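K.L.:
protein.tsv is reproduced in full below (TSV, N, CA and C atoms).
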chain	number	residue	atom	x	y	z
A	142	MET	N	23.34	-25.01	36.74
A	142	MET	CA	23.58	-24.68	38.12
A	142	MET	C	22.86	-23.38	38.45
A	143	THR	N	22.25	-23.32	39.63
A	143	THR	CA	21.55	-22.12	40.07
A	143	THR	C	22.41	-21.37	41.06
A	144	PHE	N	22.56	-20.08	40.84
A	144	PHE	CA	23.34	-19.18	41.67
A	144	PHE	C	22.36	-18.21	42.31
A	145	SER	N	22.60	-17.78	43.55
A	145	SER	CA	21.70	-16.79	44.15
A	145	SER	C	22.46	-15.84	45.05
A	146	VAL	N	21.88	-14.67	45.24
A	146	VAL	CA	22.43	-13.65	46.12
A	146	VAL	C	21.32	-13.13	47.04
A	147	PRO	N	21.68	-12.78	48.28
A	147	PRO	CA	20.69	-12.23	49.21
A	147	PRO	C	20.56	-10.72	49.06
A	148	VAL	N	19.35	-10.22	49.31
A	148	VAL	CA	19.08	-8.78	49.33
A	148	VAL	C	18.04	-8.52	50.40
A	149	VAL	N	18.18	-7.39	51.09
A	149	VAL	CA	17.16	-6.93	52.04
A	149	VAL	C	16.47	-5.72	51.41
A	150	VAL	N	15.14	-5.75	51.37
A	150	VAL	CA	14.36	-4.66	50.78
A	150	VAL	C	14.53	-3.41	51.65
A	151	ARG	N	14.95	-2.33	51.02
A	151	ARG	CA	15.21	-1.08	51.72
A	151	ARG	C	14.00	-0.14	51.61
A	152	GLY	N	13.80	0.67	52.63
A	152	GLY	CA	12.64	1.56	52.70
A	152	GLY	C	12.50	2.50	51.53
A	153	TYR	N	13.60	3.02	51.02
A	153	TYR	CA	13.54	3.97	49.91
A	153	TYR	C	13.17	3.31	48.58
A	154	GLU	N	13.08	1.97	48.55
A	154	GLU	CA	12.70	1.26	47.33
A	154	GLU	C	11.19	1.01	47.24
A	155	LEU	N	10.45	1.46	48.24
A	155	LEU	CA	9.01	1.19	48.30
A	155	LEU	C	8.21	2.24	47.56
A	156	ASP	N	7.04	1.83	47.06
A	156	ASP	CA	6.15	2.77	46.39
A	156	ASP	C	5.10	3.27	47.37
A	157	THR	N	4.11	4.01	46.87
A	157	THR	CA	3.10	4.60	47.76
A	157	THR	C	2.21	3.57	48.44
A	158	GLN	N	2.16	2.33	47.92
A	158	GLN	CA	1.38	1.26	48.55
A	158	GLN	C	2.19	0.56	49.65
A	159	GLY	N	3.46	0.95	49.80
A	159	GLY	CA	4.29	0.35	50.83
A	159	GLY	C	4.93	-0.97	50.42
A	160	HIS	N	4.87	-1.28	49.12
A	160	HIS	CA	5.59	-2.49	48.69
A	160	HIS	C	6.66	-2.12	47.66
A	161	LEU	N	7.52	-3.07	47.37
A	161	LEU	CA	8.67	-2.81	46.50
A	161	LEU	C	8.20	-2.28	45.16
A	162	ASN	N	8.77	-1.17	44.75
A	162	ASN	CA	8.44	-0.56	43.47
A	162	ASN	C	8.77	-1.54	42.35
A	163	GLN	N	7.90	-1.61	41.37
A	163	GLN	CA	8.06	-2.59	40.30
A	163	GLN	C	9.39	-2.45	39.56
A	164	ALA	N	9.91	-1.25	39.40
A	164	ALA	CA	11.17	-1.06	38.68
A	164	ALA	C	12.36	-1.63	39.45
A	165	VAL	N	12.25	-1.72	40.77
A	165	VAL	CA	13.36	-2.21	41.58
A	165	VAL	C	13.57	-3.71	41.38
A	166	TYR	N	12.53	-4.43	41.02
A	166	TYR	CA	12.69	-5.85	40.71
A	166	TYR	C	13.72	-6.03	39.59
A	167	LEU	N	13.68	-5.14	38.60
A	167	LEU	CA	14.66	-5.20	37.51
A	167	LEU	C	16.07	-4.94	38.03
A	168	GLN	N	16.20	-4.00	38.96
A	168	GLN	CA	17.51	-3.72	39.54
A	168	GLN	C	18.02	-4.91	40.33
A	169	TYR	N	17.15	-5.56	41.08
A	169	TYR	CA	17.56	-6.75	41.83
A	169	TYR	C	18.05	-7.85	40.88
A	170	ALA	N	17.30	-8.05	39.80
A	170	ALA	CA	17.68	-9.08	38.82
A	170	ALA	C	19.03	-8.74	38.19
A	171	GLU	N	19.22	-7.48	37.83
A	171	GLU	CA	20.49	-7.05	37.23
A	171	GLU	C	21.64	-7.23	38.22
A	172	HIS	N	21.42	-6.86	39.47
A	172	HIS	CA	22.45	-7.04	40.51
A	172	HIS	C	22.86	-8.50	40.61
A	173	ALA	N	21.90	-9.38	40.63
A	173	ALA	CA	22.19	-10.82	40.75
A	173	ALA	C	22.96	-11.32	39.53
A	174	ARG	N	22.62	-10.85	38.35
A	174	ARG	CA	23.33	-11.28	37.14
A	174	ARG	C	24.80	-10.86	37.19
A	175	TRP	N	25.06	-9.61	37.61
A	175	TRP	CA	26.45	-9.15	37.71
A	175	TRP	C	27.20	-9.90	38.80
A	176	GLU	N	26.54	-10.21	39.90
A	176	GLU	CA	27.20	-10.98	40.97
A	176	GLU	C	27.54	-12.38	40.48
A	177	LEU	N	26.66	-12.97	39.68
A	177	LEU	CA	26.95	-14.28	39.10
A	177	LEU	C	28.18	-14.21	38.20
A	178	LEU	N	28.22	-13.23	37.32
A	178	LEU	CA	29.37	-13.10	36.43
A	178	LEU	C	30.65	-12.88	37.23
A	179	ARG	N	30.58	-12.04	38.27
A	179	ARG	CA	31.75	-11.79	39.10
A	179	ARG	C	32.22	-13.07	39.78
A	180	ALA	N	31.28	-13.84	40.33
A	180	ALA	CA	31.62	-15.09	41.00
A	180	ALA	C	32.24	-16.09	40.03
A	181	ALA	N	31.83	-16.03	38.77
A	181	ALA	CA	32.37	-16.93	37.75
A	181	ALA	C	33.72	-16.44	37.21
A	182	GLY	N	34.18	-15.28	37.68
A	182	GLY	CA	35.45	-14.74	37.23
A	182	GLY	C	35.36	-13.90	35.99
A	183	VAL	N	34.17	-13.37	35.72
A	183	VAL	CA	33.96	-12.55	34.53
A	183	VAL	C	33.47	-11.17	34.99
A	184	ALA	N	34.36	-10.44	35.64
A	184	ALA	CA	34.02	-9.10	36.12
A	184	ALA	C	33.78	-8.16	34.95
A	185	GLN	N	33.09	-7.07	35.22
A	185	GLN	CA	32.75	-6.11	34.17
A	185	GLN	C	34.00	-5.60	33.45
A	186	GLU	N	35.06	-5.34	34.20
A	186	GLU	CA	36.29	-4.85	33.60
A	186	GLU	C	36.88	-5.88	32.62
A	187	LYS	N	36.80	-7.14	32.99
A	187	LYS	CA	37.32	-8.20	32.13
A	187	LYS	C	36.54	-8.27	30.82
A	188	LEU	N	35.22	-8.11	30.91
A	188	LEU	CA	34.40	-8.10	29.70
A	188	LEU	C	34.79	-6.94	28.79
A	189	ILE	N	34.91	-5.76	29.36
A	189	ILE	CA	35.24	-4.57	28.57
A	189	ILE	C	36.61	-4.73	27.92
A	190	GLU	N	37.58	-5.22	28.70
A	190	GLU	CA	38.93	-5.43	28.15
A	190	GLU	C	38.92	-6.42	26.99
A	191	SER	N	38.02	-7.40	27.04
A	191	SER	CA	37.95	-8.38	25.96
A	191	SER	C	37.08	-7.91	24.80
A	192	GLY	N	36.47	-6.73	24.93
A	192	GLY	CA	35.73	-6.14	23.82
A	192	GLY	C	34.29	-6.56	23.70
A	193	VAL	N	33.72	-7.12	24.78
A	193	VAL	CA	32.31	-7.53	24.74
A	193	VAL	C	31.58	-7.07	25.99
A	194	GLY	N	30.26	-7.07	25.91
A	194	GLY	CA	29.43	-6.74	27.05
A	194	GLY	C	28.07	-7.41	26.92
A	195	PRO	N	27.53	-7.90	28.04
A	195	PRO	CA	26.21	-8.52	27.98
A	195	PRO	C	25.11	-7.47	27.76
A	196	VAL	N	24.10	-7.87	27.01
A	196	VAL	CA	22.95	-7.00	26.77
A	196	VAL	C	21.67	-7.79	27.02
A	197	VAL	N	20.68	-7.08	27.53
A	197	VAL	CA	19.35	-7.65	27.72
A	197	VAL	C	18.53	-7.27	26.51
A	198	LEU	N	17.95	-8.28	25.86
A	198	LEU	CA	17.15	-8.06	24.67
A	198	LEU	C	15.65	-8.09	24.97
A	199	GLU	N	15.30	-8.82	26.02
A	199	GLU	CA	13.89	-8.97	26.40
A	199	GLU	C	13.82	-9.35	27.86
A	200	THR	N	12.86	-8.79	28.58
A	200	THR	CA	12.62	-9.13	29.99
A	200	THR	C	11.13	-9.27	30.22
A	201	ASN	N	10.77	-10.32	30.93
A	201	ASN	CA	9.38	-10.51	31.35
A	201	ASN	C	9.39	-10.77	32.85
A	202	ILE	N	8.52	-10.06	33.57
A	202	ILE	CA	8.43	-10.25	35.01
A	202	ILE	C	7.02	-10.68	35.37
A	203	LYS	N	6.93	-11.75	36.14
A	203	LYS	CA	5.65	-12.20	36.67
A	203	LYS	C	5.71	-11.99	38.18
A	204	TYR	N	4.83	-11.12	38.68
A	204	TYR	CA	4.79	-10.81	40.11
A	204	TYR	C	3.82	-11.75	40.80
A	205	SER	N	4.22	-12.31	41.93
A	205	SER	CA	3.38	-13.26	42.65
A	205	SER	C	3.05	-12.83	44.07
A	206	ARG	N	4.03	-12.30	44.80
A	206	ARG	CA	3.83	-11.90	46.20
A	206	ARG	C	4.53	-10.56	46.41
A	207	GLU	N	3.87	-9.67	47.11
A	207	GLU	CA	4.48	-8.36	47.35
A	207	GLU	C	5.67	-8.49	48.30
A	208	LEU	N	6.59	-7.55	48.16
A	208	LEU	CA	7.71	-7.43	49.08
A	208	LEU	C	7.58	-6.10	49.79
A	209	ARG	N	7.88	-6.11	51.09
A	209	ARG	CA	7.78	-4.91	51.91
A	209	ARG	C	9.14	-4.61	52.54
A	210	GLY	N	9.28	-3.40	53.05
A	210	GLY	CA	10.54	-2.99	53.66
A	210	GLY	C	11.01	-3.98	54.71
A	211	GLY	N	12.29	-4.32	54.67
A	211	GLY	CA	12.87	-5.26	55.62
A	211	GLY	C	12.78	-6.71	55.21
A	212	ASP	N	11.97	-7.03	54.21
A	212	ASP	CA	11.90	-8.42	53.74
A	212	ASP	C	13.27	-8.85	53.23
A	213	GLU	N	13.64	-10.07	53.57
A	213	GLU	CA	14.88	-10.64	53.07
A	213	GLU	C	14.53	-11.60	51.95
A	214	VAL	N	15.26	-11.47	50.84
A	214	VAL	CA	15.01	-12.31	49.67
A	214	VAL	C	16.32	-12.84	49.13
A	215	THR	N	16.20	-13.87	48.30
A	215	THR	CA	17.32	-14.31	47.48
A	215	THR	C	16.89	-14.18	46.03
A	216	ILE	N	17.85	-13.80	45.21
A	216	ILE	CA	17.60	-13.68	43.78
A	216	ILE	C	18.47	-14.72	43.09
A	217	SER	N	17.83	-15.66	42.42
A	217	SER	CA	18.58	-16.72	41.75
A	217	SER	C	18.76	-16.39	40.28
A	218	CYS	N	19.77	-17.02	39.69
A	218	CYS	CA	20.07	-16.88	38.27
A	218	CYS	C	20.41	-18.25	37.72
A	219	GLU	N	19.80	-18.58	36.61
A	219	GLU	CA	20.13	-19.84	35.96
A	219	GLU	C	20.10	-19.64	34.45
A	220	PHE	N	21.24	-19.88	33.81
A	220	PHE	CA	21.35	-19.75	32.36
A	220	PHE	C	20.70	-20.94	31.67
A	221	ALA	N	20.16	-20.69	30.48
A	221	ALA	CA	19.71	-21.75	29.57
A	221	ALA	C	20.33	-21.40	28.22
A	222	TRP	N	21.33	-22.16	27.85
A	222	TRP	CA	22.06	-21.89	26.61
A	222	TRP	C	21.35	-22.52	25.42
A	223	THR	N	21.28	-21.78	24.34
A	223	THR	CA	20.64	-22.27	23.12
A	223	THR	C	21.61	-22.07	21.96
A	224	GLU	N	21.23	-22.54	20.81
A	224	GLU	CA	22.03	-22.31	19.61
A	224	GLU	C	21.87	-20.85	19.19
A	225	GLY	N	22.88	-20.31	18.59
A	225	GLY	CA	22.77	-18.97	18.04
A	225	GLY	C	23.30	-17.88	18.95
A	226	LYS	N	22.85	-16.67	18.67
A	226	LYS	CA	23.41	-15.47	19.29
A	226	LYS	C	22.81	-15.10	20.64
A	227	VAL	N	21.75	-15.76	21.06
A	227	VAL	CA	21.10	-15.37	22.31
A	227	VAL	C	21.14	-16.51	23.33
A	228	PHE	N	20.93	-16.13	24.57
A	228	PHE	CA	20.78	-17.10	25.67
A	228	PHE	C	19.60	-16.66	26.50
A	229	ARG	N	19.13	-17.55	27.32
A	229	ARG	CA	18.01	-17.25	28.22
A	229	ARG	C	18.48	-17.40	29.65
A	230	MET	N	17.81	-16.67	30.52
A	230	MET	CA	18.10	-16.77	31.93
A	230	MET	C	16.78	-16.71	32.70
A	231	ARG	N	16.68	-17.58	33.69
A	231	ARG	CA	15.52	-17.59	34.57
A	231	ARG	C	15.98	-17.14	35.94
A	232	GLN	N	15.26	-16.19	36.51
A	232	GLN	CA	15.60	-15.68	37.82
A	232	GLN	C	14.35	-15.70	38.70
A	233	LEU	N	14.54	-16.15	39.94
A	233	LEU	CA	13.46	-16.13	40.92
A	233	LEU	C	13.84	-15.21	42.07
A	234	ILE	N	12.91	-14.36	42.46
A	234	ILE	CA	13.07	-13.54	43.65
A	234	ILE	C	12.19	-14.20	44.70
A	235	ARG	N	12.86	-14.77	45.70
A	235	ARG	CA	12.19	-15.66	46.65
A	235	ARG	C	12.37	-15.16	48.07
A	236	LYS	N	11.27	-15.16	48.83
A	236	LYS	CA	11.34	-14.82	50.26
A	236	LYS	C	12.01	-15.96	51.02
A	237	LEU	N	12.45	-15.68	52.22
A	237	LEU	CA	13.14	-16.69	53.02
A	237	LEU	C	12.26	-17.90	53.33
A	238	ASP	N	10.94	-17.71	53.35
A	238	ASP	CA	10.05	-18.85	53.60
A	238	ASP	C	9.84	-19.71	52.35
A	239	GLY	N	10.51	-19.33	51.25
A	239	GLY	CA	10.42	-20.10	50.02
A	239	GLY	C	9.41	-19.57	49.02
A	240	ALA	N	8.55	-18.67	49.44
A	240	ALA	CA	7.53	-18.13	48.54
A	240	ALA	C	8.18	-17.30	47.44
A	241	VAL	N	7.77	-17.53	46.21
A	241	VAL	CA	8.30	-16.77	45.08
A	241	VAL	C	7.56	-15.44	45.00
A	242	SER	N	8.31	-14.36	45.05
A	242	SER	CA	7.73	-13.03	44.92
A	242	SER	C	7.61	-12.63	43.46
A	243	ALA	N	8.63	-13.01	42.67
A	243	ALA	CA	8.59	-12.67	41.24
A	243	ALA	C	9.48	-13.64	40.47
A	244	GLU	N	9.11	-13.85	39.22
A	244	GLU	CA	9.92	-14.63	38.30
A	244	GLU	C	10.31	-13.72	37.15
A	245	VAL	N	11.59	-13.69	36.84
A	245	VAL	CA	12.11	-12.84	35.78
A	245	VAL	C	12.67	-13.74	34.69
A	246	ALA	N	12.18	-13.57	33.48
A	246	ALA	CA	12.68	-14.31	32.32
A	246	ALA	C	13.41	-13.32	31.41
A	247	VAL	N	14.66	-13.64	31.09
A	247	VAL	CA	15.50	-12.73	30.33
A	247	VAL	C	16.00	-13.43	29.07
A	248	VAL	N	15.98	-12.70	27.96
A	248	VAL	CA	16.69	-13.11	26.75
A	248	VAL	C	17.84	-12.13	26.61
A	249	GLY	N	19.05	-12.67	26.51
A	249	GLY	CA	20.22	-11.81	26.44
A	249	GLY	C	21.15	-12.22	25.32
A	250	GLY	N	22.15	-11.40	25.14
A	250	GLY	CA	23.19	-11.67	24.16
A	250	GLY	C	24.49	-11.05	24.64
A	251	LEU	N	25.52	-11.23	23.86
A	251	LEU	CA	26.83	-10.67	24.18
A	251	LEU	C	27.22	-9.78	23.01
A	252	LEU	N	27.35	-8.49	23.29
A	252	LEU	CA	27.59	-7.50	22.25
A	252	LEU	C	29.08	-7.29	22.03
A	253	ASP	N	29.50	-7.37	20.76
A	253	ASP	CA	30.86	-6.99	20.39
A	253	ASP	C	30.88	-5.46	20.44
A	254	LEU	N	31.71	-4.89	21.31
A	254	LEU	CA	31.68	-3.44	21.56
A	254	LEU	C	32.26	-2.63	20.41
A	255	THR	N	33.02	-3.25	19.52
A	255	THR	CA	33.55	-2.55	18.35
A	255	THR	C	32.58	-2.62	17.18
A	256	GLU	N	32.12	-3.84	16.89
A	256	GLU	CA	31.21	-4.05	15.76
A	256	GLU	C	29.77	-3.63	16.07
A	257	ARG	N	29.44	-3.57	17.37
A	257	ARG	CA	28.08	-3.25	17.83
A	257	ARG	C	27.08	-4.27	17.31
A	258	LYS	N	27.51	-5.54	17.28
A	258	LYS	CA	26.67	-6.66	16.87
A	258	LYS	C	26.84	-7.78	17.89
A	259	LEU	N	25.82	-8.64	17.98
A	259	LEU	CA	25.91	-9.77	18.88
A	259	LEU	C	26.95	-10.77	18.39
A	260	VAL	N	27.71	-11.33	19.34
A	260	VAL	CA	28.68	-12.37	18.97
A	260	VAL	C	27.92	-13.63	18.61
A	261	ALA	N	28.50	-14.43	17.74
A	261	ALA	CA	27.83	-15.60	17.19
A	261	ALA	C	27.55	-16.67	18.25
A	262	ASP	N	28.46	-16.87	19.19
A	262	ASP	CA	28.32	-17.93	20.19
A	262	ASP	C	28.66	-17.38	21.57
A	263	PRO	N	27.69	-16.76	22.24
A	263	PRO	CA	27.99	-16.14	23.53
A	263	PRO	C	28.45	-17.14	24.59
A	264	GLY	N	27.92	-18.34	24.55
A	264	GLY	CA	28.33	-19.35	25.52
A	264	GLY	C	29.81	-19.67	25.42
A	265	GLU	N	30.30	-19.82	24.20
A	265	GLU	CA	31.71	-20.12	24.00
A	265	GLU	C	32.59	-18.96	24.46
A	266	ARG	N	32.15	-17.74	24.21
A	266	ARG	CA	32.93	-16.56	24.65
A	266	ARG	C	32.95	-16.48	26.17
A	267	PHE	N	31.80	-16.70	26.81
A	267	PHE	CA	31.77	-16.70	28.28
A	267	PHE	C	32.66	-17.82	28.83
A	268	ARG	N	32.61	-18.99	28.21
A	268	ARG	CA	33.43	-20.12	28.67
A	268	ARG	C	34.92	-19.75	28.64
A	269	ALA	N	35.34	-19.07	27.57
A	269	ALA	CA	36.75	-18.68	27.42
A	269	ALA	C	37.15	-17.64	28.47
A	270	LEU	N	36.24	-16.78	28.88
A	270	LEU	CA	36.55	-15.72	29.83
A	270	LEU	C	36.45	-16.16	31.29
A	271	ALA	N	35.59	-17.13	31.56
A	271	ALA	CA	35.26	-17.48	32.95
A	271	ALA	C	36.33	-18.35	33.61
A	272	GLU	N	36.53	-18.07	34.89
A	272	GLU	CA	37.36	-18.94	35.73
A	272	GLU	C	36.52	-20.09	36.26
A	273	ARG	N	35.21	-19.87	36.39
A	273	ARG	CA	34.27	-20.89	36.87
A	273	ARG	C	33.11	-20.99	35.90
A	274	PRO	N	33.32	-21.55	34.70
A	274	PRO	CA	32.22	-21.64	33.72
A	274	PRO	C	31.06	-22.47	34.22
A	275	ASP	N	31.31	-23.37	35.18
A	275	ASP	CA	30.22	-24.19	35.73
A	275	ASP	C	29.13	-23.33	36.36
A	276	LEU	N	29.51	-22.18	36.95
A	276	LEU	CA	28.50	-21.29	37.53
A	276	LEU	C	27.59	-20.69	36.47
A	277	LEU	N	28.09	-20.66	35.23
A	277	LEU	CA	27.31	-20.13	34.12
A	277	LEU	C	26.56	-21.24	33.37
A	278	GLY	N	26.63	-22.45	33.90
A	278	GLY	CA	25.96	-23.56	33.23
A	278	GLY	C	26.71	-24.06	32.02
A	279	LEU	N	28.02	-23.79	31.98
A	279	LEU	CA	28.84	-24.17	30.81
A	279	LEU	C	29.83	-25.25	31.20
Would you mind writing the file's structure down as structure tokens?
P.N.:
Amino acid sequence: MTFSVPVVVRGYELDTQGHLNQAVYLQYAEHARWELLRAAGVAQEKLIESGVGPVVLETNIKYSRELRGGDEVTISCEFAWTEGKVFRMRQLIRKLDGAVSAEVAVVGGLLDLTERKLVADPGERFRALAERPDLLGL
């Protein structure tokens, strides 16, 4: 299942060329991931109370179209669950006309906050915590 959130590009996020600063794309992607978890019933506080937290292990961004101040976009999130300790997520930052501005590919895991190691099956842990595991592709 694909989840998305809207964002309007703000003037203070622009670089000297007048387009969205490259680092802000990461912030948009992170915002969308947290909104997805919240919508699924896995708020940050719930994760901490259960002794785990999501971590990003790798991020790749492919930029396709510039974003300028006032542009309205949606940021999508879609999990791809695999065997083992990691999961993948594909995110698209898309203008309202459908044009993809950037594609973000993430490899993540779920960190045990006491052991400081990745949990063996992050999908199963998310499933147990979520009120809406379907939003997480589970």
K.L.:
Write out as number ranges by chain which residues come within 5 Å of A:Val148 when counting all atoms listed in the file, dropping same-chain ones fewer than 6 positions away.
P.N.:
A: 213-215
K.L.:
Go ahead and write the residues just picked, N, CA and C atoms, as a JSON list (two decimals), in the coordinates of the input.
P.N.:
[["chain", "number", "residue", "atom", "x", "y", "z"],
["A", 213, "GLU", "N", 13.64, -10.07, 53.57],
["A", 213, "GLU", "CA", 14.88, -10.64, 53.07],
["A", 213, "GLU", "C", 14.53, -11.60, 51.95],
["A", 214, "VAL", "N", 15.26, -11.47, 50.84],
["A", 214, "VAL", "CA", 15.01, -12.31, 49.67],
["A", 214, "VAL", "C", 16.32, -12.84, 49.13],
["A", 215, "THR", "N", 16.20, -13.87, 48.30],
["A", 215, "THR", "CA", 17.32, -14.31, 47.48],
["A", 215, "THR", "C", 16.89, -14.18, 46.03]]
K.L.:
Using Å and a single decimal, report how far atom CA of A:Ala243 sits from atom CA of A:Arg273.
P.N.:
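Those two atoms sit 27.3 Å apart.
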K.L.:
Would you be able to write out as a list in words which residues have an atom within 9 Å of (12.4, -12.9, 28.4) in the file's coordinates, counting only C-alpha atoms?
P.N.:
Val197, Leu198, Glu199, Thr200, Asn201, Ile202, Arg229, Met230, Arg231, Val245, Ala246, Val247, Val248 and Gly249 of chain A
K.L.:
Chain A: which residues are strand (DSSP E or B) by DSSP, as number ranges by chain?
P.N.:
A: 144-149, 155, 160-161, 193-204, 209, 213-222, 227-236, 241-253, 258-259
K.L.:
Enter the distance from atom CA of A:Leu270 to atom CA of A:Leu167, in Å, rounded to one decimal.
P.N.:
25.5 Å
K.L.:
Using all atoms listed in the file for the distances, tell me which of A:Leu277, A:Cys218, A:Ala269, A:Leu254 is nearest to A:Thr143.
P.N.:
A:Cys218
K.L.:
Using all atoms listed in the file, which of A:Arg266, A:Lys258, A:Arg174, A:His160 sits nearest A:Leu208?
P.N.:
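Looking at the shortest contact to A:Leu208, the residue is A:His160.
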K.L.:
Between A:Val227, A:Ile189, A:Ala184, A:Met142, single out the one closest to A:Ala261, counting only C-alpha atoms.
P.N.:
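That would be A:Val227, the residue with the smallest distance to A:Ala261.
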K.L.:
Write down as a count of residues only the residues of chain A whose backbone DSSP state falls under alpha helix (DSSP H).
P.N.:
32
K.L.:
For each of A:Thr157, A:Ile216, A:Tyr204, A:Val193, take the minimum atom-to-atom distance to A:Tyr169, counting only N, CA and C atoms, then give the residue where this is smallest.
P.N.:
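Closest to A:Tyr169 of all the choices is A:Ile216.
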K.L.:
Distance cut-off 5 Å, centre (33.0, -21.7, 37.6) in file coordinates, counting all atoms listed in the file: which residues qualify? Return them as a PyMOL selection string.
P.N.:
chain A and resi 181+272-276
K.L.:
Identify, on the basis of only N, CA and C atoms, every residue whose closest approach to A:Gly250 does not exceed 7 Å; exclude the query and any residue fewer than 6 positions from it along the same chain; express the result as a compact mmCIF listing (two decimals) with N, CA and C atoms, in the frame of the given file.
P.N.:
# COMPACT_ATOMS: atom_id res chain seq x y z
N GLY A 194 30.26 -7.07 25.91
CA GLY A 194 29.43 -6.74 27.05
C GLY A 194 28.07 -7.41 26.92
N PRO A 195 27.53 -7.90 28.04
CA PRO A 195 26.21 -8.52 27.98
C PRO A 195 25.11 -7.47 27.76
N VAL A 196 24.10 -7.87 27.01
CA VAL A 196 22.95 -7.00 26.77
C VAL A 196 21.67 -7.79 27.02
N VAL A 197 20.68 -7.08 27.53
CA VAL A 197 19.35 -7.65 27.72
C VAL A 197 18.53 -7.27 26.51
N LEU A 198 17.95 -8.28 25.86
CA LEU A 198 17.15 -8.06 24.67
C LEU A 198 15.65 -8.09 24.97
N LYS A 226 22.85 -16.67 18.67
CA LYS A 226 23.41 -15.47 19.29
C LYS A 226 22.81 -15.10 20.64
N VAL A 227 21.75 -15.76 21.06
CA VAL A 227 21.10 -15.37 22.31
C VAL A 227 21.14 -16.51 23.33
N PHE A 228 20.93 -16.13 24.57
CA PHE A 228 20.78 -17.10 25.67
C PHE A 228 19.60 -16.66 26.50
N LEU A 259 25.82 -8.64 17.98
CA LEU A 259 25.91 -9.77 18.88
C LEU A 259 26.95 -10.77 18.39
N VAL A 260 27.71 -11.33 19.34
CA VAL A 260 28.68 -12.37 18.97
C VAL A 260 27.92 -13.63 18.61
N PRO A 263 27.69 -16.76 22.24
CA PRO A 263 27.99 -16.14 23.53
C PRO A 263 28.45 -17.14 24.59
K.L.:
Of the residues A:Pro147, A:Tyr153, A:Phe267, A:Lys187, which is the one nearest to A:Gly210, using all atoms listed in the file?
P.N.:
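Closest residue, counting all atoms listed in the file: A:Tyr153.
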K.L.:
Generate the missing atoms of stretch 170-174 of chain A up to all heavy atoms and report them as a tab-separated table (two decimals), keeping the file's coordinate frame.
P.N.:
chain	number	residue	atom	x	y	z
A	170	ALA	N	17.30	-8.05	39.80
A	170	ALA	CA	17.68	-9.08	38.82
A	170	ALA	C	19.03	-8.74	38.19
A	170	ALA	O	19.89	-9.61	38.04
A	170	ALA	CB	16.59	-9.22	37.76
A	171	GLU	N	19.22	-7.48	37.83
A	171	GLU	CA	20.49	-7.05	37.23
A	171	GLU	C	21.64	-7.23	38.22
A	171	GLU	O	22.71	-7.72	37.86
A	171	GLU	CB	20.37	-5.57	36.82
A	171	GLU	CG	21.63	-5.00	36.21
A	171	GLU	CD	21.77	-5.30	34.73
A	171	GLU	OE1	20.89	-5.94	34.14
A	171	GLU	OE2	22.80	-4.89	34.16
A	172	HIS	N	21.42	-6.86	39.47
A	172	HIS	CA	22.45	-7.04	40.51
A	172	HIS	C	22.86	-8.50	40.61
A	172	HIS	O	24.06	-8.81	40.64
A	172	HIS	CB	21.91	-6.53	41.86
A	172	HIS	CG	22.76	-6.89	43.02
A	172	HIS	ND1	24.03	-6.40	43.21
A	172	HIS	CD2	22.51	-7.73	44.06
A	172	HIS	CE1	24.54	-6.91	44.32
A	172	HIS	NE2	23.64	-7.71	44.86
A	173	ALA	N	21.90	-9.38	40.63
A	173	ALA	CA	22.19	-10.82	40.75
A	173	ALA	C	22.96	-11.32	39.53
A	173	ALA	O	23.88	-12.14	39.68
A	173	ALA	CB	20.90	-11.62	40.95
A	174	ARG	N	22.62	-10.85	38.35
A	174	ARG	CA	23.33	-11.28	37.14
A	174	ARG	C	24.80	-10.86	37.19
A	174	ARG	O	25.70	-11.64	36.88
A	174	ARG	CB	22.65	-10.75	35.88
A	174	ARG	CG	21.30	-11.41	35.62
A	174	ARG	CD	20.76	-11.10	34.24
A	174	ARG	NE	20.52	-9.71	33.97
A	174	ARG	CZ	19.35	-9.08	34.18
A	174	ARG	NH1	18.33	-9.73	34.71
A	174	ARG	NH2	19.22	-7.81	33.87
